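Everything below belongs to run29.csv, which stores CSV, C-alpha atoms and all ligand atoms.
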```
chain,number,residue,atom,x,y,z
A,241,MET,CA,28.2,78.9,0.4
A,242,LEU,CA,31.1,76.4,0.5
A,243,ASP,CA,30.9,76.4,4.2
A,244,LYS,CA,27.2,75.7,4.0
A,245,LEU,CA,28.0,72.7,1.8
A,246,ASN,CA,30.6,71.4,4.3
A,247,GLU,CA,28.0,71.8,7.0
A,248,ILE,CA,25.4,69.9,5.0
A,249,GLU,CA,27.8,67.0,4.3
A,250,LYS,CA,29.0,66.8,7.9
A,251,SER,CA,25.5,66.7,9.4
A,252,ALA,CA,24.3,64.3,6.8
A,253,LEU,CA,27.1,61.9,7.5
A,254,GLU,CA,26.6,62.2,11.2
A,255,SER,CA,23.0,61.3,11.1
A,256,LEU,CA,23.8,58.4,8.8
A,257,ALA,CA,25.5,56.8,11.8
A,258,ASP,CA,22.1,56.4,13.4
A,259,VAL,CA,20.6,54.6,10.5
A,260,LYS,CA,20.0,51.0,11.6
A,261,ASP,CA,17.2,49.5,9.4
A,262,GLN,CA,15.8,49.6,6.0
A,263,SER,CA,13.1,52.2,6.8
A,264,ALA,CA,15.7,54.5,8.3
A,265,VAL,CA,17.8,54.1,5.1
A,266,ASP,CA,14.8,55.2,3.0
A,267,ALA,CA,14.0,58.2,5.3
A,268,TRP,CA,17.6,59.3,5.3
A,269,ARG,CA,17.7,59.2,1.5
A,270,VAL,CA,14.6,61.4,1.3
A,271,ALA,CA,15.9,63.9,3.9
A,272,ASN,CA,19.4,64.2,2.5
A,273,LEU,CA,19.2,63.5,-1.2
A,274,GLY,CA,15.5,64.1,-1.8
A,275,ARG,CA,14.1,66.9,-3.8
A,276,SER,CA,13.6,69.3,-0.8
A,277,SER,CA,16.8,68.3,0.9
A,278,PRO,CA,19.3,71.2,1.7
A,279,LEU,CA,21.7,69.8,-0.8
A,280,MET,CA,19.2,69.8,-3.6
A,281,GLN,CA,18.2,73.4,-2.6
A,282,VAL,CA,21.8,74.4,-3.2
A,283,PHE,CA,21.5,72.9,-6.7
A,284,SER,CA,18.3,74.7,-7.5
A,285,GLY,CA,19.8,78.0,-6.2
A,286,LEU,CA,22.8,77.8,-8.5
A,287,GLY,CA,21.1,80.0,-11.1
A,288,LYS,CA,21.0,82.9,-8.7
A,289,LEU,CA,24.8,82.9,-8.1
A,290,SER,CA,27.3,85.1,-9.8
A,291,LYS,CA,29.3,83.9,-12.8
A,292,GLU,CA,32.4,83.6,-10.7
A,293,GLU,CA,30.8,81.7,-7.8
A,294,LYS,CA,28.7,79.3,-9.9
A,295,PRO,CA,31.4,76.8,-11.1
A,296,ALA,CA,33.1,76.4,-7.7
A,297,VAL,CA,29.8,75.9,-5.8
A,298,GLY,CA,28.4,73.6,-8.5
A,299,ALA,CA,31.5,71.4,-8.4
A,300,ALA,CA,31.6,71.3,-4.6
A,301,ALA,CA,27.8,70.5,-4.5
A,302,ASN,CA,28.4,67.6,-6.9
A,303,LYS,CA,31.3,66.3,-4.8
A,304,VAL,CA,29.0,66.4,-1.7
A,305,LYS,CA,26.3,64.6,-3.6
A,306,VAL,CA,28.7,61.8,-4.8
A,307,ALA,CA,30.1,61.5,-1.3
A,308,LEU,CA,26.6,61.2,0.3
A,309,GLU,CA,25.5,58.7,-2.3
A,310,ALA,CA,28.5,56.5,-1.7
A,311,ALA,CA,28.1,56.7,2.1
A,312,LEU,CA,24.4,55.8,1.7
A,313,GLU,CA,25.3,52.8,-0.5
A,314,GLU,CA,27.8,51.5,2.0
A,315,ARG,CA,25.5,52.0,4.9
A,316,SER,CA,22.6,50.3,3.3
A,317,LYS,CA,24.7,47.3,2.5
A,318,ALA,CA,25.9,47.1,6.1
A,319,VAL,CA,22.3,47.4,7.3
A,320,LYS,CA,21.2,44.5,5.1
A,321,GLU,CA,24.0,42.4,6.4
A,322,THR,CA,23.2,43.0,10.0
A,323,MET,CA,19.5,42.3,9.4
A,324,LEU,CA,20.3,39.0,7.8
A,325,ALA,CA,22.8,38.0,10.5
A,326,LYS,CA,20.1,38.9,13.1
A,327,SER,CA,17.3,36.9,11.4
A,328,LEU,CA,19.6,33.9,11.0
A,329,GLU,CA,20.4,34.1,14.6
A,330,GLU,CA,16.9,34.6,15.8
A,331,GLU,CA,14.9,32.3,13.4
A,332,VAL,CA,16.0,28.8,13.6
A,333,LEU,CA,16.4,27.6,10.0
A,334,ASP,CA,17.7,24.1,9.6
A,335,VAL,CA,18.7,24.1,5.9
A,336,THR,CA,19.5,20.4,6.2
A,337,LEU,CA,15.9,19.4,6.9
A,338,PRO,CA,14.4,17.5,4.0
A,339,GLY,CA,11.6,19.3,2.1
A,340,ARG,CA,8.0,18.5,2.8
A,341,ALA,CA,6.7,15.9,0.3
A,342,VAL,CA,3.8,17.0,-1.8
A,343,ASN,CA,0.9,14.5,-1.9
A,344,ILE,CA,0.5,13.3,-5.5
A,345,GLY,CA,-3.0,12.1,-6.5
A,346,ARG,CA,-3.3,8.8,-8.2
A,347,LEU,CA,-5.9,6.5,-9.7
A,348,HIS,CA,-8.0,4.4,-7.3
A,349,PRO,CA,-6.8,0.8,-7.1
A,350,SER,CA,-10.0,-0.4,-8.7
A,351,THR,CA,-9.5,1.9,-11.6
A,352,GLN,CA,-6.0,0.7,-12.0
A,353,GLN,CA,-7.1,-2.9,-12.0
A,354,LEU,CA,-10.0,-2.2,-14.4
A,355,ARG,CA,-7.5,-0.6,-16.8
A,356,ARG,CA,-5.1,-3.6,-16.5
A,357,VAL,CA,-7.9,-6.0,-17.4
A,358,LEU,CA,-9.1,-3.8,-20.2
A,359,SER,CA,-5.7,-3.4,-21.7
A,360,ILE,CA,-5.1,-7.1,-21.7
A,361,LEU,CA,-8.5,-7.7,-23.3
A,362,ALA,CA,-7.8,-4.9,-25.8
A,363,GLU,CA,-4.6,-6.7,-26.9
A,364,MET,CA,-6.8,-9.8,-27.5
A,365,GLY,CA,-9.1,-7.8,-29.7
A,366,PHE,CA,-11.9,-6.9,-27.3
A,367,GLN,CA,-13.3,-3.4,-27.7
A,368,VAL,CA,-14.5,-1.4,-24.7
A,369,TYR,CA,-18.3,-1.0,-24.6
A,370,THR,CA,-19.8,0.9,-21.7
A,371,SER,CA,-23.4,0.4,-20.7
A,372,ARG,CA,-25.7,2.0,-18.1
A,373,GLU,CA,-25.6,1.4,-14.3
A,374,VAL,CA,-29.4,2.0,-13.9
A,375,GLU,CA,-31.2,-0.8,-15.7
A,376,SER,CA,-34.7,-2.2,-16.2
A,377,ASP,CA,-35.6,-5.6,-14.7
A,378,GLU,CA,-36.1,-6.7,-18.2
A,379,MET,CA,-32.5,-6.0,-19.3
A,380,ASN,CA,-30.9,-7.1,-16.0
A,381,PHE,CA,-32.9,-10.3,-15.7
A,382,GLN,CA,-35.7,-11.2,-18.0
A,383,LEU,CA,-33.9,-11.0,-21.4
A,384,LEU,CA,-31.0,-12.9,-19.8
A,385,ASN,CA,-33.3,-15.8,-19.3
A,386,PHE,CA,-34.1,-15.3,-15.6
A,387,ALA,CA,-37.8,-16.1,-15.3
A,388,PRO,CA,-39.7,-13.8,-12.9
A,389,HIS,CA,-39.4,-16.2,-10.1
A,390,HIS,CA,-36.2,-17.9,-11.2
A,391,PRO,CA,-34.2,-19.1,-8.2
A,392,ALA,CA,-31.0,-17.6,-9.6
A,393,ARG,CA,-32.4,-14.1,-8.9
A,394,GLU,CA,-31.8,-14.9,-5.2
A,395,MET,CA,-28.0,-14.8,-5.9
A,396,GLN,CA,-28.5,-11.1,-6.6
A,397,ASP,CA,-30.8,-9.4,-4.3
A,398,SER,CA,-31.2,-6.0,-5.9
A,399,PHE,CA,-31.6,-2.3,-5.2
A,400,TYR,CA,-34.9,-1.4,-6.8
A,401,ILE,CA,-35.3,2.3,-7.6
A,402,GLU,CA,-38.9,2.3,-8.8
A,403,ALA,CA,-41.5,-0.4,-9.0
A,404,GLU,CA,-44.8,1.5,-8.7
A,405,GLY,CA,-46.9,1.1,-11.9
A,406,ARG,CA,-44.2,-1.1,-13.4
A,407,GLU,CA,-44.3,-4.1,-11.2
A,408,ASP,CA,-43.6,-6.3,-14.3
A,409,ASN,CA,-40.4,-4.3,-15.2
A,410,PRO,CA,-39.1,-2.2,-12.3
A,411,ILE,CA,-36.0,0.0,-12.5
A,412,LEU,CA,-33.0,-1.2,-10.5
A,413,MET,CA,-29.2,-0.7,-10.2
A,414,ARG,CA,-27.6,-3.3,-12.4
A,415,THR,CA,-26.5,-6.4,-10.4
A,416,HIS,CA,-24.0,-7.4,-13.0
A,417,THR,CA,-22.6,-6.1,-16.3
A,418,SER,CA,-24.4,-8.8,-18.3
A,419,PRO,CA,-27.4,-6.6,-19.3
A,420,GLY,CA,-24.8,-4.8,-21.5
A,421,GLN,CA,-24.7,-8.0,-23.6
A,422,ILE,CA,-28.3,-7.4,-24.7
A,423,ARG,CA,-27.7,-3.7,-25.4
A,424,ALA,CA,-24.5,-4.4,-27.4
A,425,MET,CA,-26.1,-7.1,-29.5
A,426,ARG,CA,-29.2,-5.0,-30.2
A,427,GLU,CA,-27.0,-2.0,-31.2
A,428,ALA,CA,-25.0,-4.2,-33.6
A,429,VAL,CA,-28.1,-5.8,-35.1
A,430,ALA,CA,-29.5,-2.3,-35.7
A,431,THR,CA,-26.6,-1.5,-38.0
A,432,ASN,CA,-27.4,-4.5,-40.3
A,433,PRO,CA,-30.5,-6.5,-39.3
A,434,GLN,CA,-30.1,-9.1,-42.1
A,435,ASN,CA,-26.4,-9.8,-41.5
A,436,PRO,CA,-25.5,-8.6,-38.0
A,437,PRO,CA,-21.7,-8.1,-37.6
A,438,PRO,CA,-19.7,-10.2,-35.2
A,439,ILE,CA,-19.1,-8.8,-31.7
A,440,ARG,CA,-16.0,-8.8,-29.5
A,441,ILE,CA,-16.4,-6.4,-26.5
A,442,ALA,CA,-15.2,-5.8,-23.0
A,443,LEU,CA,-17.8,-4.2,-20.7
A,444,PRO,CA,-16.5,-2.6,-17.6
A,445,GLY,CA,-18.4,-1.0,-14.8
A,446,MET,CA,-19.9,-0.7,-11.3
A,447,CYS,CA,-22.5,-3.2,-10.2
A,448,TYR,CA,-24.7,-3.1,-7.1
A,449,ARG,CA,-26.2,-5.8,-4.9
A,450,TYR,CA,-28.3,-5.5,-1.8
A,451,GLU,CA,-26.1,-7.5,0.5
A,452,GLN,CA,-24.8,-7.4,4.0
A,453,ILE,CA,-21.5,-5.6,4.0
A,454,THR,CA,-18.8,-7.9,5.3
A,455,ALA,CA,-15.1,-8.5,4.8
A,456,ARG,CA,-16.0,-10.6,1.8
A,457,SER,CA,-19.0,-8.8,0.2
A,458,GLU,CA,-19.8,-5.2,-0.6
A,459,ILE,CA,-22.9,-3.5,-2.0
A,460,GLN,CA,-20.9,-2.2,-4.9
A,461,PHE,CA,-18.1,-3.6,-7.0
A,462,ASN,CA,-16.7,-3.5,-10.5
A,463,GLN,CA,-17.0,-6.2,-13.1
A,464,VAL,CA,-15.6,-6.6,-16.5
A,465,GLU,CA,-17.8,-8.6,-18.8
A,466,GLY,CA,-16.6,-10.1,-22.1
A,467,LEU,CA,-18.7,-11.0,-25.0
A,468,ALA,CA,-17.9,-12.6,-28.3
A,469,VAL,CA,-20.6,-13.4,-30.9
A,470,GLY,CA,-20.1,-14.7,-34.4
A,471,GLU,CA,-20.3,-17.7,-36.7
A,472,GLY,CA,-18.6,-20.8,-35.6
A,473,ILE,CA,-17.5,-19.7,-32.1
A,474,THR,CA,-17.1,-22.8,-29.9
A,475,PHE,CA,-16.4,-23.7,-26.3
A,476,ALA,CA,-12.8,-24.2,-27.4
A,477,ASP,CA,-12.6,-20.5,-28.2
A,478,LEU,CA,-13.9,-19.7,-24.7
A,479,LYS,CA,-11.3,-22.0,-23.1
A,480,GLY,CA,-8.4,-20.7,-25.2
A,481,THR,CA,-9.4,-17.0,-24.6
A,482,LEU,CA,-9.7,-17.3,-20.9
A,483,THR,CA,-6.6,-19.4,-20.5
A,484,ASP,CA,-4.7,-16.8,-22.4
A,485,PHE,CA,-6.2,-14.0,-20.4
A,486,ALA,CA,-5.3,-15.7,-17.1
A,487,ARG,CA,-1.7,-16.1,-18.2
A,488,ARG,CA,-1.4,-12.5,-19.3
A,489,MET,CA,-3.0,-11.4,-16.0
A,490,PHE,CA,-1.4,-13.8,-13.5
A,491,GLY,CA,1.8,-14.9,-15.2
A,492,SER,CA,2.8,-17.1,-18.1
A,493,HIS,CA,2.9,-20.2,-15.9
A,494,ALA,CA,-0.5,-19.7,-14.3
A,495,ARG,CA,-2.5,-23.0,-14.5
A,496,VAL,CA,-6.2,-22.7,-14.9
A,497,ARG,CA,-9.1,-25.1,-14.6
A,498,PHE,CA,-12.7,-25.0,-15.8
A,499,ARG,CA,-15.4,-26.1,-13.4
A,500,ALA,CA,-19.0,-26.8,-14.6
A,501,SER,CA,-21.3,-24.3,-13.2
A,502,TYR,CA,-24.7,-22.7,-13.9
A,503,PHE,CA,-25.9,-19.3,-15.1
A,504,PRO,CA,-29.3,-18.8,-16.7
A,505,PHE,CA,-27.8,-16.9,-19.6
A,506,THR,CA,-25.1,-19.3,-20.6
A,507,GLU,CA,-25.2,-23.0,-21.5
A,508,PRO,CA,-23.0,-24.8,-20.8
A,509,SER,CA,-21.5,-22.6,-18.1
A,510,ALA,CA,-18.1,-22.8,-16.4
A,511,GLU,CA,-16.3,-21.1,-13.5
A,512,VAL,CA,-12.6,-20.5,-14.0
A,513,ASP,CA,-10.1,-21.1,-11.3
A,514,VAL,CA,-6.4,-20.1,-11.4
A,515,GLU,CA,-3.8,-21.9,-9.4
A,516,CYS,CA,-3.3,-20.1,-6.1
A,517,PHE,CA,-0.4,-17.8,-6.7
A,518,VAL,CA,0.2,-17.3,-3.0
A,519,CYS,CA,1.0,-20.9,-2.2
A,520,GLY,CA,1.6,-22.2,-5.7
A,521,GLY,CA,-1.2,-24.7,-5.3
A,522,LYS,CA,0.0,-26.3,-2.1
A,523,GLY,CA,-2.9,-24.9,-0.1
A,524,CYS,CA,-2.9,-21.8,2.1
A,525,GLN,CA,-5.3,-19.4,3.9
A,526,VAL,CA,-6.0,-17.4,0.7
A,527,CYS,CA,-7.2,-20.3,-1.3
A,528,LYS,CA,-8.7,-21.9,1.8
A,529,ASN,CA,-6.4,-24.9,1.3
A,530,SER,CA,-7.9,-25.8,-2.1
A,531,GLY,CA,-4.9,-24.7,-4.1
A,532,TRP,CA,-7.2,-22.8,-6.5
A,533,LEU,CA,-8.8,-19.3,-6.7
A,534,GLU,CA,-12.0,-18.6,-8.5
A,535,ILE,CA,-11.6,-15.7,-10.8
A,536,LEU,CA,-14.6,-15.6,-13.1
A,537,GLY,CA,-17.8,-17.0,-14.4
A,538,SER,CA,-18.3,-17.9,-18.1
A,539,GLY,CA,-20.2,-19.9,-20.6
A,540,MET,CA,-21.6,-20.2,-24.2
A,541,VAL,CA,-24.3,-17.5,-24.7
A,542,HIS,CA,-27.7,-19.2,-24.3
A,543,PRO,CA,-29.6,-19.5,-27.5
A,544,THR,CA,-32.5,-17.6,-26.0
A,545,VAL,CA,-30.2,-14.7,-25.0
A,546,LEU,CA,-28.8,-14.6,-28.6
A,547,GLU,CA,-32.3,-14.4,-29.9
A,548,ASN,CA,-33.2,-11.7,-27.4
A,549,GLY,CA,-30.2,-9.7,-28.7
A,550,GLY,CA,-31.4,-10.2,-32.3
A,551,TYR,CA,-28.9,-12.8,-33.4
A,552,ASP,CA,-30.3,-16.0,-35.0
A,553,PRO,CA,-29.0,-18.8,-32.7
A,554,ARG,CA,-29.1,-21.3,-35.6
A,555,ARG,CA,-26.4,-19.2,-37.4
A,556,TYR,CA,-24.5,-17.5,-34.6
A,557,THR,CA,-22.9,-18.7,-31.4
A,558,GLY,CA,-20.9,-16.9,-28.7
A,559,PHE,CA,-19.3,-17.0,-25.4
A,560,ALA,CA,-19.4,-14.6,-22.4
A,561,PHE,CA,-17.5,-14.2,-19.2
A,562,GLY,CA,-17.7,-11.9,-16.2
A,563,MET,CA,-15.1,-11.1,-13.5
A,564,GLY,CA,-15.0,-9.0,-10.4
A,565,THR,CA,-12.0,-6.6,-10.4
A,566,GLU,CA,-11.8,-5.9,-6.7
A,567,ARG,CA,-11.8,-9.7,-6.1
A,568,GLN,CA,-8.8,-10.0,-8.4
A,569,LEU,CA,-7.0,-7.2,-6.7
A,570,MET,CA,-7.7,-8.8,-3.3
A,571,LEU,CA,-6.1,-12.0,-4.5
A,572,ARG,CA,-3.2,-10.3,-6.2
A,573,ASN,CA,-2.3,-8.1,-3.2
A,574,LYS,CA,-3.6,-10.3,-0.3
A,575,ILE,CA,-6.2,-7.8,0.8
A,576,THR,CA,-8.3,-9.5,3.4
A,577,ASP,CA,-11.2,-7.0,3.6
A,578,ILE,CA,-13.2,-5.7,0.6
A,579,ARG,CA,-14.5,-2.8,2.7
A,580,TYR,CA,-11.1,-1.0,2.3
A,581,PHE,CA,-12.0,-0.2,-1.3
A,582,TRP,CA,-14.8,2.3,-0.6
A,583,GLY,CA,-13.6,3.2,2.9
A,584,ASN,CA,-11.7,6.2,1.6
A,585,ASP,CA,-8.8,5.6,4.0
A,586,GLU,CA,-5.8,7.2,2.4
A,587,ARG,CA,-3.4,4.8,4.2
A,588,PHE,CA,-4.9,2.0,2.1
A,589,LEU,CA,-5.2,3.9,-1.2
A,590,GLU,CA,-1.7,5.3,-1.0
A,591,GLN,CA,-0.2,1.9,-1.3
A,592,PHE,CA,-1.2,1.5,-4.9
A,601,LIG,N1,-22.9,-12.1,-14.6
A,601,LIG,C1,-22.4,-13.2,-13.9
A,601,LIG,C2,-22.2,-12.8,-12.4
A,601,LIG,O1,-22.3,-11.6,-12.1
A,601,LIG,C3,-21.0,-13.6,-14.4
A,601,LIG,C4,-21.1,-14.1,-15.8
A,601,LIG,C5,-21.0,-13.3,-16.9
A,601,LIG,C6,-21.2,-15.5,-16.0
A,601,LIG,C7,-21.0,-13.8,-18.2
A,601,LIG,C8,-21.3,-16.0,-17.3
A,601,LIG,C9,-21.2,-15.2,-18.4
A,601,LIG,O2,-22.0,-13.6,-11.5
```
Take the structure I supplied and represent it as structure tokens, if you would.
Ligand code: PHE
Amino acid sequence: MLDKLNEIEKSALESLADVKDQSAVDAWRVANLGRSSPLMQVFSGLGKLSKEEKPAVGAAANKVKVALEAALEERSKAVKETMLAKSLEEEVLDVTLPGRAVNIGRLHPSTQQLRRVLSILAEMGFQVYTSREVESDEMNFQLLNFAPHHPAREMQDSFYIEAEGREDNPILMRTHTSPGQIRAMREAVATNPQNPPPIRIALPGMCYRYEQITARSEIQFNQVEGLAVGEGITFADLKGTLTDFARRMFGSHARVRFRASYFPFTEPSAEVDVECFVCGGKGCQVCKNSGWLEILGSGMVHPTVLENGGYDPRRYTGFAFGMGTERQLMLRNKITDIRYFWGNDERFLEQF
């Protein structure tokens, strides 16, 4: 029996020399230490041995088992090391290469600028009010004092969605955020028709115009509208508010000027220019040598518009303004072509 154990040990250790990879390690373990291996059979046959033989054979079998296990352990470590050395040699792995950068998503530049504008206006007490993008002709034009054939409508050739059967009030994509003025006023009036509350809102959103797409004009763009309605609001409030806004937006030294203008829904109306921050007012390509950049349209809310909103123009006054956010971004970052905004070119978007 002891000879047999010696034989088992010898042949097992011999065959271990041929074990060269992980699967051979596993196979060897099953063949030599597994349940039906010769060694294990010796263990299970111990019960049949005589009292005198049993302790000696048992001890010897244990010794063989320990020896085989230790040999296997050592072999398996060696196999792992050679496999690793081999793969390091064969597969070129340059651990000094920098990792691949993961692309991180971000907000669209227009959204970033919208939020900048809204957060400045919020600091100045303007609450965000969102209104619909699909409007009626009545809201978009008529209640804002555009007569059906008013020449100002030509500034805003529109995308009509539906006209059949409602030729006098077709559905269209809003051409500016101003129809939100009427909706906001009517909503406020509904809360207290006798004494409508004052309003101070910022109205952001996409606007649409049926225009030739060029470097300077797109068929869609974002605007932010401002509206303040209350008792005793004057043109001085408009000037103060917009001057303050321009300074917060373009820097505390930004100079602004107000130029008389015309909008059907404001009277008087003014366009606001900010001193060109590219050339500092000396004249350059961006400001077309004028030294000034137009940033928004504004004016005192027309009495007819106040009335259409439900506010008595003998008691209430107000001012409104509207600005294009892509336009501001173009000025700010010297972007020369508005088509980049909706072109979905990551090389452009990534820069913001
Ligand atoms: N709605 C005007 C436009 O789109 C801008 C504007 C808003 C002017 C409010 C005056 C008051 O051009």
Give me, as a ChimeraX atom specification, the set of residues whose atoms come within 10 Å of any atom of ligand LIG 601 (chain A), counting all atoms listed in the file. /A:380,384,395-396,414-419,421,447,462-467,501-511,536-542,559-564
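Separating atom CA of A:Ser530 from atom CA of A:Arg456 is a distance of 17.7 Å.
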Within 7 Å of A:Ser376 using all atoms listed in the file, minus same-chain residues under 2 positions, as a ChimeraX atom specification: /A:378-380,409-412
In Å, with one decimal, what is the gap from atom CA of A:Arg423 to atom CA of A:Glu471? 19.5 Å
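For the set A:Met280, A:Ile401, A:Val306, A:Ala252, the residue with the smallest atom-to-atom gap to A:Trp268 is A:Ala252, counting only C-alpha atoms.
Among the candidate residues A:Val282, A:Val335, A:Leu245, A:Ile344, the one lying nearest to A:Glu586 is A:Ile344, with distances computed using all atoms listed in the file.
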Show me, as a list in words, the residues that have an atom within 10 Å of A:Glu293 when counting only C-alpha atoms, minus same-chain residues fewer than 5 positions from it. Met241, Leu242, Leu286, Lys288 and Gly298 of chain A
Counting all atoms listed in the file, what is within 8 Å of stretch 437-439 of chain A, bar same-chain residues fewer than 4 positions away, as a PyMOL selection string? chain A and resi 425+428-429+432+467-471
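The space between atom CA of A:Ala476 and atom CA of A:Val496 spans 14.2 Å.
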At a cut-off of 10 Å, using all atoms listed in the file, what residues contact A:Asp552? Leave out same-chain residues fewer than 5 positions from it and give the result as a list in words. Gln434, Asn435, Pro436, Pro543, Thr544, Leu546, Glu547 and Thr557 of chain A
Non-local contacts of A:Ser457 (8 Å; all atoms listed in the file; under 3 positions in same chain excluded) as a CSV table (one decimal) with C-alpha atoms, in the frame of the given file:
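around_9.csv, written as the output of this step:
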```csv
chain,number,residue,atom,x,y,z
A,451,GLU,CA,-26.1,-7.5,0.5
A,452,GLN,CA,-24.8,-7.4,4.0
A,453,ILE,CA,-21.5,-5.6,4.0
A,454,THR,CA,-18.8,-7.9,5.3
A,578,ILE,CA,-13.2,-5.7,0.6
A,579,ARG,CA,-14.5,-2.8,2.7
```
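Distances from A:Val374, A:Leu328, A:Ile459, A:Cys519 to A:Glu402 were compared using only C-alpha atoms, and the smallest one belongs to A:Val374.
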Find the residues of stretch 516-578 of chain A that sit at most 12 Å from stretch 588-592 of chain A; for each, write down the nearest two atoms and how far apart they are in Å, to one decimal. Count all atoms listed in the file. Sort by chain, then by number going up, and give it as a Markdown table.
```
| residue | atom | partner | partner_atom | distance |
| --- | --- | --- | --- | --- |
| A:Leu569 | CA | A:Phe592 | CA | 10.6 |
| A:Asn573 | CA | A:Phe592 | CA | 9.8 |
| A:Ile575 | CA | A:Phe588 | CA | 10.0 |
| A:Asp577 | CA | A:Phe588 | CA | 11.1 |
| A:Ile578 | CA | A:Phe588 | CA | 11.4 |
```
Please reconstruct the missing atoms of stretch 410-423 of chain A (target: N, CA, C and O atoms) and return them as a CSV table (one decimal), in the coordinates of the input.
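Written file, rebuild-v7.csv:
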```
chain,number,residue,atom,x,y,z
A,410,PRO,N,-39.6,-3.3,-13.1
A,410,PRO,CA,-39.1,-2.2,-12.3
A,410,PRO,C,-37.7,-1.8,-12.7
A,410,PRO,O,-37.0,-2.4,-13.4
A,411,ILE,N,-37.3,-0.6,-12.2
A,411,ILE,CA,-36.0,0.0,-12.5
A,411,ILE,C,-35.1,-0.4,-11.3
A,411,ILE,O,-35.5,-0.3,-10.1
A,412,LEU,N,-33.9,-0.8,-11.6
A,412,LEU,CA,-33.0,-1.2,-10.5
A,412,LEU,C,-31.5,-0.8,-10.9
A,412,LEU,O,-31.2,-0.5,-12.0
A,413,MET,N,-30.6,-0.9,-9.9
A,413,MET,CA,-29.2,-0.7,-10.2
A,413,MET,C,-28.7,-2.1,-10.7
A,413,MET,O,-29.1,-3.1,-10.1
A,414,ARG,N,-28.0,-2.1,-11.8
A,414,ARG,CA,-27.6,-3.3,-12.4
A,414,ARG,C,-26.8,-4.2,-11.4
A,414,ARG,O,-26.0,-3.7,-10.6
A,415,THR,N,-27.1,-5.5,-11.4
A,415,THR,CA,-26.5,-6.4,-10.4
A,415,THR,C,-25.3,-7.1,-11.0
A,415,THR,O,-24.5,-7.7,-10.3
A,416,HIS,N,-25.1,-6.9,-12.3
A,416,HIS,CA,-24.0,-7.4,-13.0
A,416,HIS,C,-23.8,-6.7,-14.3
A,416,HIS,O,-24.7,-5.9,-14.7
A,417,THR,N,-22.7,-6.9,-15.0
A,417,THR,CA,-22.6,-6.1,-16.3
A,417,THR,C,-23.2,-6.9,-17.5
A,417,THR,O,-23.3,-6.3,-18.6
A,418,SER,N,-23.8,-8.1,-17.2
A,418,SER,CA,-24.4,-8.8,-18.3
A,418,SER,C,-25.5,-8.2,-19.1
A,418,SER,O,-25.6,-8.4,-20.3
A,419,PRO,N,-26.4,-7.3,-18.5
A,419,PRO,CA,-27.4,-6.6,-19.3
A,419,PRO,C,-26.7,-5.9,-20.5
A,419,PRO,O,-27.4,-5.7,-21.6
A,420,GLY,N,-25.5,-5.5,-20.4
A,420,GLY,CA,-24.8,-4.8,-21.5
A,420,GLY,C,-24.7,-5.7,-22.7
A,420,GLY,O,-24.6,-5.3,-23.8
A,421,GLN,N,-24.7,-7.1,-22.5
A,421,GLN,CA,-24.7,-8.0,-23.6
A,421,GLN,C,-25.9,-7.8,-24.5
A,421,GLN,O,-25.7,-7.7,-25.8
A,422,ILE,N,-27.1,-7.6,-23.9
A,422,ILE,CA,-28.3,-7.4,-24.7
A,422,ILE,C,-28.2,-6.1,-25.5
A,422,ILE,O,-28.4,-6.0,-26.7
A,423,ARG,N,-27.7,-5.0,-24.8
A,423,ARG,CA,-27.7,-3.7,-25.4
A,423,ARG,C,-26.7,-3.7,-26.6
A,423,ARG,O,-26.9,-3.2,-27.6
```
